[in-house]
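This is target_17.cif. It holds mmCIF, C-alpha atoms and all ligand atoms.
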data_coords
#
loop_
_atom_site.label_atom_id
_atom_site.label_comp_id
_atom_site.auth_asym_id
_atom_site.auth_seq_id
_atom_site.Cartn_x
_atom_site.Cartn_y
_atom_site.Cartn_z
CA MET Y 11 -44.98 -22.96 15.23
CA MET Y 12 -42.66 -20.43 16.82
CA GLN Y 13 -42.92 -17.03 18.41
CA THR Y 14 -41.34 -14.05 16.69
CA ALA Y 15 -41.18 -10.30 17.01
CA TYR Y 16 -43.33 -8.98 14.18
CA ARG Y 17 -43.71 -5.65 12.40
CA THR Y 18 -44.47 -4.62 8.85
CA ALA Y 19 -43.62 -0.91 9.06
CA TYR Y 20 -40.95 1.32 10.56
CA GLY Y 21 -41.79 3.15 13.75
CA PRO Y 22 -41.55 3.18 17.55
CA PRO Y 23 -41.74 0.00 19.68
CA GLU Y 24 -45.57 0.13 19.42
CA VAL Y 25 -45.32 -1.18 15.82
CA LEU Y 26 -43.92 -4.44 17.24
CA THR Y 27 -46.07 -7.37 18.27
CA VAL Y 28 -45.24 -10.98 19.12
CA ARG Y 29 -46.85 -13.53 16.79
CA ASP Y 30 -46.97 -17.26 16.17
CA VAL Y 31 -45.64 -18.15 12.72
CA PRO Y 32 -44.47 -21.42 11.14
CA VAL Y 33 -40.89 -22.48 11.89
CA PRO Y 34 -38.90 -21.78 8.68
CA GLU Y 35 -37.18 -24.55 6.71
CA PRO Y 36 -33.48 -24.04 5.93
CA GLY Y 37 -32.74 -23.85 2.21
CA ALA Y 38 -29.49 -24.56 0.38
CA GLY Y 39 -26.55 -23.05 2.23
CA GLU Y 40 -28.68 -22.21 5.27
CA ILE Y 41 -28.92 -23.42 8.83
CA LEU Y 42 -31.84 -23.30 11.24
CA VAL Y 43 -30.85 -22.04 14.68
CA ARG Y 44 -32.91 -22.37 17.85
CA VAL Y 45 -32.15 -18.94 19.24
CA HIS Y 46 -31.55 -18.91 23.01
CA ALA Y 47 -30.43 -15.30 23.42
CA ALA Y 48 -30.06 -12.15 21.36
CA THR Y 49 -29.46 -8.55 22.31
CA VAL Y 50 -31.65 -5.53 21.79
CA ASN Y 51 -29.13 -2.91 20.77
CA ARG Y 52 -28.77 0.53 19.21
CA THR Y 53 -28.40 -0.97 15.73
CA ASP Y 54 -31.74 -2.71 16.28
CA CYS Y 55 -33.22 0.68 17.16
CA GLY Y 56 -32.06 1.99 13.78
CA ALA Y 57 -33.70 -0.99 12.07
CA LEU Y 58 -36.93 -0.60 14.09
CA TRP Y 59 -37.39 3.12 13.50
CA GLY Y 60 -35.80 3.08 10.04
CA LYS Y 61 -33.52 5.92 11.13
CA PRO Y 62 -31.29 7.35 9.90
CA TYR Y 63 -33.41 7.16 6.75
CA VAL Y 64 -30.49 5.97 4.65
CA PHE Y 65 -30.43 2.79 6.80
CA ARG Y 66 -33.68 1.72 5.04
CA PHE Y 67 -31.70 1.03 1.88
CA PHE Y 68 -29.92 -1.73 3.83
CA VAL Y 69 -32.77 -3.10 5.97
CA GLY Y 70 -35.61 -2.67 3.47
CA TRP Y 71 -37.34 0.08 1.49
CA PRO Y 72 -40.09 1.21 1.64
CA ARG Y 73 -40.84 -1.28 4.45
CA PRO Y 74 -38.62 -3.63 6.51
CA ARG Y 75 -37.36 -6.69 4.61
CA GLU Y 76 -37.66 -8.88 7.73
CA VAL Y 77 -40.74 -8.83 9.92
CA ALA Y 78 -38.59 -9.62 12.97
CA THR Y 79 -36.04 -7.25 14.42
CA GLY Y 80 -32.72 -8.59 15.70
CA THR Y 81 -29.15 -8.34 14.48
CA ASP Y 82 -27.42 -10.99 16.59
CA PHE Y 83 -28.07 -14.44 17.98
CA ALA Y 84 -26.65 -17.18 20.14
CA GLY Y 85 -28.23 -20.60 19.91
CA GLU Y 86 -28.05 -24.14 18.69
CA VAL Y 87 -28.17 -25.52 15.14
CA VAL Y 88 -31.28 -27.73 14.85
CA ALA Y 89 -31.31 -28.35 11.08
CA THR Y 90 -29.07 -27.78 8.10
CA GLY Y 91 -30.04 -27.23 4.48
CA PRO Y 92 -28.43 -28.86 1.45
CA ASP Y 93 -24.76 -28.01 0.77
CA VAL Y 94 -24.00 -27.04 4.37
CA THR Y 95 -20.68 -28.54 5.47
CA GLN Y 96 -19.50 -25.91 7.96
CA PHE Y 97 -22.04 -26.62 10.71
CA SER Y 98 -23.88 -29.66 12.08
CA VAL Y 99 -26.99 -30.19 14.15
CA GLY Y 100 -26.12 -29.61 17.81
CA ASP Y 101 -23.43 -26.96 17.18
CA ARG Y 102 -23.68 -23.97 19.50
CA VAL Y 103 -23.32 -20.88 17.31
CA MET Y 104 -23.27 -17.10 17.51
CA GLY Y 105 -23.60 -14.54 14.74
CA PHE Y 106 -24.24 -10.91 13.89
CA HIS Y 107 -25.28 -8.91 10.86
CA ASP Y 108 -25.67 -5.15 11.21
CA HIS Y 109 -28.32 -4.93 8.47
CA ASN Y 110 -30.83 -6.98 10.47
CA LEU Y 111 -31.16 -10.75 10.55
CA GLY Y 112 -34.61 -11.10 12.11
CA SER Y 113 -33.12 -12.90 15.12
CA HIS Y 114 -35.71 -11.74 17.66
CA ALA Y 115 -37.49 -15.04 17.09
CA GLN Y 116 -37.35 -18.52 18.59
CA TYR Y 117 -35.92 -19.94 15.36
CA LEU Y 118 -33.70 -18.22 12.81
CA ARG Y 119 -32.97 -19.38 9.29
CA VAL Y 120 -29.62 -17.91 8.33
CA SER Y 121 -27.16 -18.29 5.46
CA VAL Y 122 -23.78 -19.78 6.38
CA ARG Y 123 -22.24 -16.95 4.32
CA ARG Y 124 -23.05 -14.65 7.23
CA ALA Y 125 -20.51 -14.12 10.01
CA ILE Y 126 -21.18 -17.09 12.30
CA ALA Y 127 -18.82 -18.67 14.83
CA ARG Y 128 -18.97 -21.59 17.21
CA ILE Y 129 -19.52 -20.59 20.83
CA PRO Y 130 -16.52 -21.72 22.89
CA ASP Y 131 -17.14 -24.43 25.48
CA GLY Y 132 -18.05 -22.98 28.84
CA VAL Y 133 -19.41 -19.74 27.36
CA GLY Y 134 -23.14 -19.25 27.86
CA PHE Y 135 -25.63 -18.11 25.23
CA GLU Y 136 -26.24 -14.74 26.89
CA THR Y 137 -22.52 -14.00 27.13
CA ALA Y 138 -22.06 -14.97 23.48
CA ALA Y 139 -24.97 -12.79 22.34
CA ALA Y 140 -23.57 -9.81 24.25
CA SER Y 141 -20.12 -10.13 22.67
CA MET Y 142 -20.81 -9.06 19.10
CA GLU Y 143 -22.54 -5.76 18.31
CA GLY Y 144 -20.57 -3.39 20.54
CA ALA Y 145 -17.38 -5.38 20.05
CA HIS Y 146 -17.68 -5.16 16.26
CA TYR Y 147 -17.91 -1.38 16.28
CA ALA Y 148 -15.21 -1.09 18.93
CA ARG Y 149 -12.87 -3.29 16.86
CA ASN Y 150 -13.45 -1.08 13.83
CA PHE Y 151 -12.49 2.02 15.81
CA LEU Y 152 -9.44 0.39 17.33
CA ASP Y 153 -8.23 -0.79 13.92
CA ARG Y 154 -7.96 2.89 12.91
CA MET Y 155 -5.81 3.67 15.96
CA PRO Y 156 -2.29 2.34 15.58
CA LEU Y 157 -1.49 1.48 19.20
CA ARG Y 158 1.60 0.20 20.96
CA PRO Y 159 1.59 -1.48 24.36
CA GLY Y 160 1.49 1.14 27.08
CA ASP Y 161 -0.16 3.82 24.93
CA ARG Y 162 -2.63 5.96 26.84
CA VAL Y 163 -6.18 5.86 25.48
CA LEU Y 164 -9.28 7.68 26.73
CA VAL Y 165 -12.72 6.07 26.37
CA TYR Y 166 -15.70 8.39 26.88
CA GLY Y 167 -19.04 6.60 27.14
CA ALA Y 168 -17.29 3.65 28.73
CA THR Y 169 -20.55 2.11 29.98
CA GLY Y 170 -22.13 1.68 26.55
CA ALA Y 171 -22.04 -1.45 24.41
CA ILE Y 172 -19.24 0.01 22.29
CA GLY Y 173 -17.34 1.65 25.13
CA SER Y 174 -17.40 -1.36 27.44
CA ALA Y 175 -16.22 -3.66 24.63
CA ALA Y 176 -13.52 -1.16 23.67
CA ILE Y 177 -12.05 -1.27 27.19
CA ALA Y 178 -11.59 -5.05 27.02
CA LEU Y 179 -10.12 -4.92 23.50
CA LEU Y 180 -7.80 -2.03 24.42
CA LYS Y 181 -6.54 -3.89 27.49
CA HIS Y 182 -5.92 -6.92 25.27
CA ALA Y 183 -3.84 -4.63 23.02
CA GLY Y 184 -1.83 -3.53 26.07
CA ALA Y 185 -3.14 0.04 26.24
CA GLN Y 186 -3.42 2.13 29.42
CA VAL Y 187 -7.12 2.93 29.57
CA THR Y 188 -8.73 5.95 31.19
CA ALA Y 189 -12.49 5.46 31.14
CA VAL Y 190 -15.16 8.12 31.62
CA CYS Y 191 -18.64 7.31 32.90
CA ALA Y 192 -21.18 8.41 35.50
CA GLU Y 193 -20.31 7.70 39.15
CA PRO Y 194 -22.92 4.91 39.67
CA HIS Y 195 -21.15 2.84 36.98
CA ARG Y 196 -17.60 3.29 38.24
CA ASP Y 197 -17.29 -0.23 39.67
CA ALA Y 198 -18.73 -1.90 36.55
CA VAL Y 199 -16.26 -0.04 34.35
CA ALA Y 200 -13.30 -0.71 36.65
CA ALA Y 201 -14.21 -4.41 36.57
CA LEU Y 202 -13.76 -4.35 32.78
CA GLY Y 203 -10.09 -3.57 33.36
CA ALA Y 204 -9.93 0.21 33.01
CA ASP Y 205 -6.78 1.58 34.69
CA ARG Y 206 -8.50 4.80 35.77
CA VAL Y 207 -12.18 5.78 35.91
CA LEU Y 208 -13.43 9.39 35.86
CA ASP Y 209 -16.92 10.65 36.67
CA TYR Y 210 -18.06 13.13 34.01
CA THR Y 211 -20.94 14.38 36.17
CA ARG Y 212 -18.44 15.96 38.61
CA ALA Y 213 -16.89 18.17 35.90
CA PRO Y 214 -16.35 17.86 32.15
CA PHE Y 215 -13.68 15.21 31.54
CA THR Y 216 -11.76 17.68 29.37
CA GLU Y 217 -11.33 19.87 32.48
CA GLN Y 218 -10.47 16.99 34.81
CA LEU Y 219 -7.74 15.86 32.41
CA ARG Y 220 -6.29 19.28 31.56
CA GLY Y 221 -2.52 18.99 30.96
CA GLU Y 222 -2.61 15.27 30.17
CA THR Y 223 -2.21 13.77 26.72
CA PHE Y 224 -3.48 10.57 25.11
CA VAL Y 225 -2.56 8.70 21.97
CA ALA Y 226 -6.26 8.32 21.19
CA VAL Y 227 -9.65 9.50 22.41
CA LEU Y 228 -12.61 7.26 21.62
CA ASP Y 229 -15.96 8.90 22.22
CA ALA Y 230 -18.06 5.74 22.22
CA VAL Y 231 -21.27 7.60 23.01
CA GLY Y 232 -20.93 10.48 20.55
CA LYS Y 233 -21.40 13.30 23.05
CA SER Y 234 -18.10 15.18 22.70
CA ARG Y 235 -16.43 17.17 19.92
CA PHE Y 236 -12.99 17.01 18.38
CA SER Y 237 -12.40 20.69 19.18
CA ALA Y 238 -12.94 20.02 22.92
CA CYS Y 239 -10.78 16.87 22.95
CA ARG Y 240 -7.93 18.20 20.80
CA PRO Y 241 -5.93 19.58 23.78
CA LEU Y 242 -5.87 16.02 25.19
CA LEU Y 243 -4.26 14.56 22.09
CA GLY Y 244 -0.58 14.32 21.31
CA GLU Y 245 0.92 15.46 17.99
CA ASN Y 246 -0.15 12.28 16.16
CA GLY Y 247 -3.23 11.67 18.28
CA ILE Y 248 -6.44 10.15 16.93
CA TYR Y 249 -10.00 11.20 17.81
CA ALA Y 250 -12.86 8.87 16.90
CA SER Y 251 -16.54 9.20 17.71
CA SER Y 252 -19.46 6.80 17.29
CA GLU Y 253 -21.68 9.67 16.12
CA LEU Y 254 -21.46 12.07 13.19
CA GLY Y 255 -21.27 15.11 15.51
CA PRO Y 256 -22.95 18.52 14.97
CA ARG Y 257 -23.78 18.99 11.25
CA GLY Y 258 -21.87 15.77 10.51
CA GLU Y 259 -18.56 17.42 11.35
CA ASN Y 260 -16.80 14.14 12.16
CA ILE Y 261 -17.21 12.95 8.56
CA PHE Y 262 -15.78 16.19 7.16
CA LEU Y 263 -12.94 16.29 9.69
CA ALA Y 264 -12.06 12.67 8.83
CA LEU Y 265 -12.07 13.47 5.10
CA ALA Y 266 -9.87 16.50 5.74
CA ALA Y 267 -7.48 14.57 7.97
CA PRO Y 268 -4.79 13.95 5.30
CA ALA Y 269 -4.44 17.70 4.84
CA MET Y 270 -4.42 18.52 8.59
CA ARG Y 271 -1.44 18.97 10.86
CA GLY Y 272 -1.51 17.56 14.36
CA PRO Y 273 -4.23 15.29 15.82
CA LYS Y 274 -6.65 13.74 13.37
CA VAL Y 275 -10.25 12.51 13.27
CA ARG Y 276 -11.06 9.00 12.09
CA PHE Y 277 -14.62 7.99 11.22
CA PRO Y 278 -14.56 4.35 10.14
CA ILE Y 279 -17.48 2.79 8.31
CA PRO Y 280 -17.82 -0.51 10.22
CA THR Y 281 -16.97 -3.52 8.05
CA ASP Y 282 -15.87 -7.16 8.26
CA ILE Y 283 -17.95 -8.72 11.01
CA ALA Y 284 -16.18 -12.06 10.52
CA ARG Y 285 -12.92 -10.39 11.52
CA SER Y 286 -14.53 -9.02 14.68
CA LEU Y 287 -15.72 -12.51 15.63
CA GLU Y 288 -12.24 -13.92 14.90
CA LEU Y 289 -10.86 -11.46 17.45
CA VAL Y 290 -13.50 -11.79 20.14
CA VAL Y 291 -14.32 -15.51 20.14
CA PRO Y 292 -10.82 -16.66 21.21
CA LEU Y 293 -10.83 -13.96 23.90
CA LEU Y 294 -14.18 -15.27 25.13
CA ALA Y 295 -12.71 -18.77 25.28
CA GLN Y 296 -9.78 -17.48 27.37
CA GLY Y 297 -12.04 -15.48 29.67
CA ALA Y 298 -10.29 -12.30 28.47
CA PHE Y 299 -13.51 -10.76 27.13
CA ARG Y 300 -16.44 -10.58 29.53
CA PRO Y 301 -19.29 -8.47 28.16
CA LEU Y 302 -21.21 -6.11 30.37
CA ILE Y 303 -24.80 -7.30 30.69
CA ASP Y 304 -27.54 -5.02 31.98
CA ARG Y 305 -31.16 -6.18 31.92
CA ARG Y 306 -32.85 -9.25 30.50
CA TYR Y 307 -36.25 -9.21 28.82
CA ALA Y 308 -38.50 -12.00 27.61
CA LEU Y 309 -39.70 -11.85 23.99
CA ALA Y 310 -43.18 -10.92 25.25
CA ASP Y 311 -41.66 -7.72 26.69
CA ILE Y 312 -39.76 -6.69 23.57
CA ARG Y 313 -41.45 -3.27 23.39
CA GLN Y 314 -40.17 -2.42 26.86
CA ALA Y 315 -36.71 -3.68 25.88
CA PHE Y 316 -36.60 -1.35 22.88
CA ALA Y 317 -37.89 1.59 24.91
CA TYR Y 318 -35.12 1.07 27.47
CA VAL Y 319 -32.37 0.69 24.86
CA ALA Y 320 -33.59 3.75 22.95
CA SER Y 321 -33.37 5.81 26.18
CA GLY Y 322 -29.58 5.83 25.72
CA GLN Y 323 -29.11 4.75 29.34
CA LYS Y 324 -28.51 1.02 29.07
CA ILE Y 325 -25.31 -0.32 30.55
CA GLY Y 326 -23.47 -2.49 28.06
CA ASN Y 327 -25.90 -5.00 26.62
CA VAL Y 328 -29.61 -5.77 27.01
CA ILE Y 329 -30.48 -9.43 26.54
CA LEU Y 330 -33.60 -10.84 24.95
CA THR Y 331 -34.18 -14.37 26.22
CA LEU Y 332 -35.85 -16.76 23.78
CA ALA Y 333 -35.26 -20.22 25.24
N1 LIG Y 401 -20.80 4.62 14.25
C1 LIG Y 401 -21.45 3.44 14.24
O1 LIG Y 401 -21.27 2.63 13.37
C2 LIG Y 401 -22.43 3.13 15.34
C3 LIG Y 401 -22.95 1.85 15.47
C4 LIG Y 401 -23.81 1.56 16.53
C5 LIG Y 401 -24.13 2.58 17.40
N2 LIG Y 401 -23.65 3.82 17.20
C6 LIG Y 401 -23.95 4.92 18.13
O2 LIG Y 401 -22.97 4.85 19.13
C7 LIG Y 401 -23.50 5.35 20.33
C8 LIG Y 401 -23.19 4.37 21.43
O3 LIG Y 401 -23.86 3.15 21.21
P1 LIG Y 401 -23.88 2.10 22.39
O4 LIG Y 401 -24.81 1.00 22.01
O5 LIG Y 401 -22.51 1.77 22.83
O6 LIG Y 401 -24.55 3.04 23.48
P2 LIG Y 401 -25.37 2.66 24.75
O7 LIG Y 401 -25.02 1.29 25.19
O8 LIG Y 401 -26.79 3.00 24.50
O9 LIG Y 401 -24.72 3.72 25.76
C9 LIG Y 401 -25.39 4.02 26.89
C10 LIG Y 401 -24.43 4.61 27.90
O10 LIG Y 401 -24.00 5.87 27.48
C11 LIG Y 401 -23.72 6.65 28.62
N3 LIG Y 401 -24.14 8.04 28.41
C12 LIG Y 401 -25.41 8.46 28.17
N4 LIG Y 401 -25.40 9.80 28.06
C13 LIG Y 401 -24.12 10.21 28.23
C14 LIG Y 401 -23.47 11.48 28.22
N5 LIG Y 401 -24.14 12.61 28.02
N6 LIG Y 401 -22.14 11.49 28.42
C15 LIG Y 401 -21.46 10.36 28.62
N7 LIG Y 401 -22.01 9.15 28.63
C16 LIG Y 401 -23.32 9.08 28.45
C17 LIG Y 401 -24.52 6.05 29.76
O11 LIG Y 401 -23.63 5.66 30.79
P3 LIG Y 401 -23.23 6.66 32.00
O12 LIG Y 401 -24.50 6.95 32.73
O13 LIG Y 401 -22.22 5.89 32.78
O14 LIG Y 401 -22.62 7.83 31.35
C18 LIG Y 401 -25.14 4.78 29.20
O15 LIG Y 401 -24.86 3.67 30.00
C19 LIG Y 401 -25.00 5.58 20.09
O16 LIG Y 401 -25.17 6.96 19.89
C20 LIG Y 401 -25.28 4.80 18.84
O17 LIG Y 401 -26.31 5.37 18.08
C21 LIG Y 401 -22.79 4.12 16.22
#
Would you mind writing the file out in structure tokens?
Ligand SMILES: NC(=O)c1ccc[n+]([C@@H]2O[C@H](COP(=O)([O-])OP(=O)(O)OC[C@H]3O[C@@H](n4cnc5c(N)ncnc54)[C@H](OP(=O)(O)O)[C@@H]3O)[C@@H](O)[C@H]2O)c1
Amino acid sequence: MMQTAYRTAYGPPEVLTVRDVPVPEPGAGEILVRVHAATVNRTDCGALWGKPYVFRFFVGWPRPREVATGTDFAGEVVATGPDVTQFSVGDRVMGFHDHNLGSHAQYLRVSVRRAIARIPDGVGFETAAASMEGAHYARNFLDRMPLRPGDRVLVYGATGAIGSAAIALLKHAGAQVTAVCAEPHRDAVAALGADRVLDYTRAPFTEQLRGETFVAVLDAVGKSRFSACRPLLGENGIYASSELGPRGENIFLALAAPAMRGPKVRFPIPTDIARSLELVVPLLAQGAFRPLIDRRYALADIRQAFAYVASGQKIGNVILTLA
């Protein structure tokens, strides 16, 4: 038997319980992973609440396809099904799927067609688990920002899972990073490699930076607007936000971008998780990507973990320990 997060309907953390269920058997093309760590992240919140509603078409309609929440995992392969040649028992692996895997469980049966990578030697399970969700979205944003070494980029929401990962990936790309966060998190953000850190609680960052220009502004927390950031962007500048914006304006501005003069909005639909892992895993191995980890929760406390993550105040990544 194993312990798993369990729910049969969408709703707040109260719909979740922890139950004992049989350990699944891997089928053809599947591996069984003993999960050591996963994160509880904002994508998980979408899969728990079933919001936005359209997300239910990907994670299950009218009720969740998987009883367990959980989009990412780091653990050890303990069994392989027929036809599996890519992985062997004993491999340390990490993986992510933004449409919910059911990885908030002690064991996870997962198809090898999913984006799964070997965890580099010397990298712990918690670090591996915290290196996927935010990094995947950050990579998608950065791919839509043609950058050259030395380009100046602003990251607002630098403490979040996406923002903190973006800083590391931008530094890897050679960008000059100005990061915006609240004063208590200044040191954590500076430690990620940001060249300059601004406190948005002192004054709006758009005021503090008046007269300066950036090649790109990434609002990784979705709290700004293109109209407010436009003066900070050069002629060919790019604005990207992790949220749709008021009345979904970021979608419309991105669609209108080809017809617009001056700075443009990009709103990428995140794709290609395997490509994100191909970027991040070698950086993890080199010690060039160190995810920001906030709190750790045991599976028994998963409701509290979700409540904290849904507050919008977590710093980087929240770990669920399952070992
Ligand atoms: N577009 C997509 O595909 C996609 C995918 C996943 C998530 N999202 C969305 O992207 C956003 C970020 O996700 P995440 O997981 O990176 O976030 P997160 O980790 O929950 O971000 C939390 C951080 O945001 C900062 N913050 C909170 N309110 C703020 C404000 N008013 N101004 C500036 N910073 C503020 C806080 O740090 P400070 O106290 O230091 O400011 C906090 O540490 C969420 O809205 C999420 O729903 C979008």
Residue contacts of region 155-165 of chain Y (7 Å, all atoms listed in the file) excluding same-chain residues fewer than 5 positions away, as a ChimeraX atom specification: /Y:173,183-190,224-230,248
Output C-alpha atoms for every residue in that selection, as a short mmCIF file (atom, residue, chain, number, x, y, z; two decimals), in the frame of the given file.
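This went into part39.cif:
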data_model
loop_
_atom_site.label_atom_id
_atom_site.label_comp_id
_atom_site.auth_asym_id
_atom_site.auth_seq_id
_atom_site.Cartn_x
_atom_site.Cartn_y
_atom_site.Cartn_z
CA GLY Y 173 -17.34 1.65 25.13
CA ALA Y 183 -3.84 -4.63 23.02
CA GLY Y 184 -1.83 -3.53 26.07
CA ALA Y 185 -3.14 0.04 26.24
CA GLN Y 186 -3.42 2.13 29.42
CA VAL Y 187 -7.12 2.93 29.57
CA THR Y 188 -8.73 5.95 31.19
CA ALA Y 189 -12.49 5.46 31.14
CA VAL Y 190 -15.16 8.12 31.62
CA PHE Y 224 -3.48 10.57 25.11
CA VAL Y 225 -2.56 8.70 21.97
CA ALA Y 226 -6.26 8.32 21.19
CA VAL Y 227 -9.65 9.50 22.41
CA LEU Y 228 -12.61 7.26 21.62
CA ASP Y 229 -15.96 8.90 22.22
CA ALA Y 230 -18.06 5.74 22.22
CA ILE Y 248 -6.44 10.15 16.93
#
What does the list of residues within 8 Å of ligand LIG 401 (chain Y) look like if you count all atoms listed in the file, written as a ChimeraX atom specification? /Y:51-53,56,143-144,147,166-174,190-196,210,230-234,251-254,277-280,319-327
Trp71 (chain Y): which residues within 12 Å, counting all atoms listed in the file, same-chain residues fewer than 5 positions away excluded, as a list in words?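 Final neighbour list, sorted by chain and number: Thr18, Ala19, Tyr20, Ala57, Gly60, Lys61, Tyr63, Val64, Phe65, Arg66 and Glu76 of chain Y.
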Tell me which of Y:Ala317, Y:Val99, Y:Leu332, Y:Leu208 sits closest to Phe135 (chain Y), counting only C-alpha atoms.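 Looking at the shortest contact to Phe135 (chain Y), the residue is Y:Leu332.
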Given the choices Y:Arg276, Y:Val94, Y:Ala315, Y:Pro23, which gets closest to Arg154 (chain Y) if the distance is worked out from only C-alpha atoms?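 Distance minimum relative to Arg154 (chain Y) lands on Y:Arg276.
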Hey, can you check how far CA of Asn110 (chain Y) sits from CA of Ile283 (chain Y)?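 Answer for the CA of Asn110 (chain Y) to CA of Ile283 (chain Y) separation: 13.0 Å.
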Within 7 Å of (-30.4, -7.6, 27.2) (file coordinates; only C-alpha atoms), which protein or nucleic acid residues are there? I'd like them as a ChimeraX atom specification. /Y:49-50,303-307,327-330
May I ask for the distance between CA of Ala139 (chain Y) and CA of Ala38 (chain Y), given in Å to one decimal place?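 Rounded to one decimal, the two atoms are 25.3 Å apart.
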Within 10 Å of Arg128 (chain Y), counting all atoms listed in the file, which residues show up once you throw out same-chain ones fewer than 5 positions away? Write them as a VMD selection string, please. chain Y and resid 84 to 86 97 101 to 105 138 287 291
Could you pull the residues within 7 Å of region 41-43 of chain Y, counting all atoms listed in the file, minus those fewer than 5 positions along the same chain, as a PyMOL selection string? chain Y and resi 36+85-91+117-122
Dump of C-alpha atoms for the selected residues, as a PDB file, in the coordinates of the input:
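What ended up in part29.pdb:
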ATOM      1  CA  PRO Y  36     -33.480 -24.040   5.930  1.00  0.00           C
ATOM      2  CA  GLY Y  85     -28.230 -20.600  19.910  1.00  0.00           C
ATOM      3  CA  GLU Y  86     -28.050 -24.140  18.690  1.00  0.00           C
ATOM      4  CA  VAL Y  87     -28.170 -25.520  15.140  1.00  0.00           C
ATOM      5  CA  VAL Y  88     -31.280 -27.730  14.850  1.00  0.00           C
ATOM      6  CA  ALA Y  89     -31.310 -28.350  11.080  1.00  0.00           C
ATOM      7  CA  THR Y  90     -29.070 -27.780   8.100  1.00  0.00           C
ATOM      8  CA  GLY Y  91     -30.040 -27.230   4.480  1.00  0.00           C
ATOM      9  CA  TYR Y 117     -35.920 -19.940  15.360  1.00  0.00           C
ATOM     10  CA  LEU Y 118     -33.700 -18.220  12.810  1.00  0.00           C
ATOM     11  CA  ARG Y 119     -32.970 -19.380   9.290  1.00  0.00           C
ATOM     12  CA  VAL Y 120     -29.620 -17.910   8.330  1.00  0.00           C
ATOM     13  CA  SER Y 121     -27.160 -18.290   5.460  1.00  0.00           C
ATOM     14  CA  VAL Y 122     -23.780 -19.780   6.380  1.00  0.00           C
TER      15      VAL Y 122
END
I need the residue nearest Ser113 (chain Y) from this list: Y:Val77, Y:Ala145, Y:Ala127, Y:Val275. Use only C-alpha atoms for the distance.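 Comparing Y:Val77, Y:Ala145, Y:Ala127, Y:Val275 against Ser113 (chain Y), the winner is Y:Val77.
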Here CA of Asp30 (chain Y) and CA of Arg124 (chain Y) stand apart by 25.7 Å
Could you pull the residues within 9 Å of Leu152 (chain Y), counting only C-alpha atoms, minus those fewer than 6 positions along the same chain, as a ChimeraX atom specification? /Y:176,179-180,228
Pick from Y:Ala178, Y:Leu26, Y:Ala15, Y:Leu293, whichever lies nearest to His114 (chain Y) using only C-alpha atoms: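 Result for the nearest residue to His114 (chain Y): Y:Ala15.
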Considering all atoms listed in the file, can you say which of Y:Leu302, Y:Leu289, Y:Ala140, Y:Leu294 comes closest to Val199 (chain Y)?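 Once distances to Val199 (chain Y) are computed over all atoms listed in the file, the minimum belongs to Y:Leu302.
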Once 5 Å is added on each side, what centre and edge lengths in Å to one decimal does the axis-aligned box around all listed atoms of region 275-294 of chain Y have, as lines of an AutoDock Vina configuration file?
center_x = -14.1
center_y = -2.1
center_z = 16.6
size_x = 17.7
size_y = 39.2
size_z = 27.1
Could I get region 63-73 of chain Y rebuilt with N, CA and C atoms, written as an mmCIF file, in the frame of the given file?
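result04.cif, freshly written:
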data_model
loop_
_atom_site.group_PDB
_atom_site.id
_atom_site.type_symbol
_atom_site.label_atom_id
_atom_site.label_comp_id
_atom_site.auth_asym_id
_atom_site.auth_seq_id
_atom_site.Cartn_x
_atom_site.Cartn_y
_atom_site.Cartn_z
ATOM 1 N N TYR Y 63 -32.603 7.615 7.879
ATOM 2 C CA TYR Y 63 -33.410 7.160 6.750
ATOM 3 C C TYR Y 63 -32.598 6.310 5.781
ATOM 4 N N VAL Y 64 -31.345 6.685 5.604
ATOM 5 C CA VAL Y 64 -30.490 5.970 4.650
ATOM 6 C C VAL Y 64 -30.342 4.488 5.026
ATOM 7 N N PHE Y 65 -30.536 4.176 6.316
ATOM 8 C CA PHE Y 65 -30.430 2.790 6.800
ATOM 9 C C PHE Y 65 -31.473 1.901 6.115
ATOM 10 N N ARG Y 66 -32.605 2.514 5.667
ATOM 11 C CA ARG Y 66 -33.680 1.720 5.040
ATOM 12 C C ARG Y 66 -33.212 1.077 3.738
ATOM 13 N N PHE Y 67 -32.207 1.637 3.105
ATOM 14 C CA PHE Y 67 -31.700 1.030 1.880
ATOM 15 C C PHE Y 67 -30.984 -0.287 2.168
ATOM 16 N N PHE Y 68 -30.598 -0.480 3.440
ATOM 17 C CA PHE Y 68 -29.920 -1.730 3.830
ATOM 18 C C PHE Y 68 -30.897 -2.712 4.500
ATOM 19 N N VAL Y 69 -31.876 -2.197 5.230
ATOM 20 C CA VAL Y 69 -32.770 -3.100 5.970
ATOM 21 C C VAL Y 69 -34.150 -3.219 5.328
ATOM 22 N N GLY Y 70 -34.362 -2.535 4.210
ATOM 23 C CA GLY Y 70 -35.610 -2.670 3.470
ATOM 24 C C GLY Y 70 -36.251 -1.332 3.172
ATOM 25 N N TRP Y 71 -36.652 -1.156 1.906
ATOM 26 C CA TRP Y 71 -37.340 0.080 1.490
ATOM 27 C C TRP Y 71 -38.435 -0.283 0.526
ATOM 28 N N PRO Y 72 -39.662 0.184 0.675
ATOM 29 C CA PRO Y 72 -40.090 1.210 1.640
ATOM 30 C C PRO Y 72 -40.447 0.643 3.006
ATOM 31 N N ARG Y 73 -40.517 -0.716 3.122
ATOM 32 C CA ARG Y 73 -40.840 -1.280 4.450
ATOM 33 C C ARG Y 73 -39.762 -2.305 4.799
#
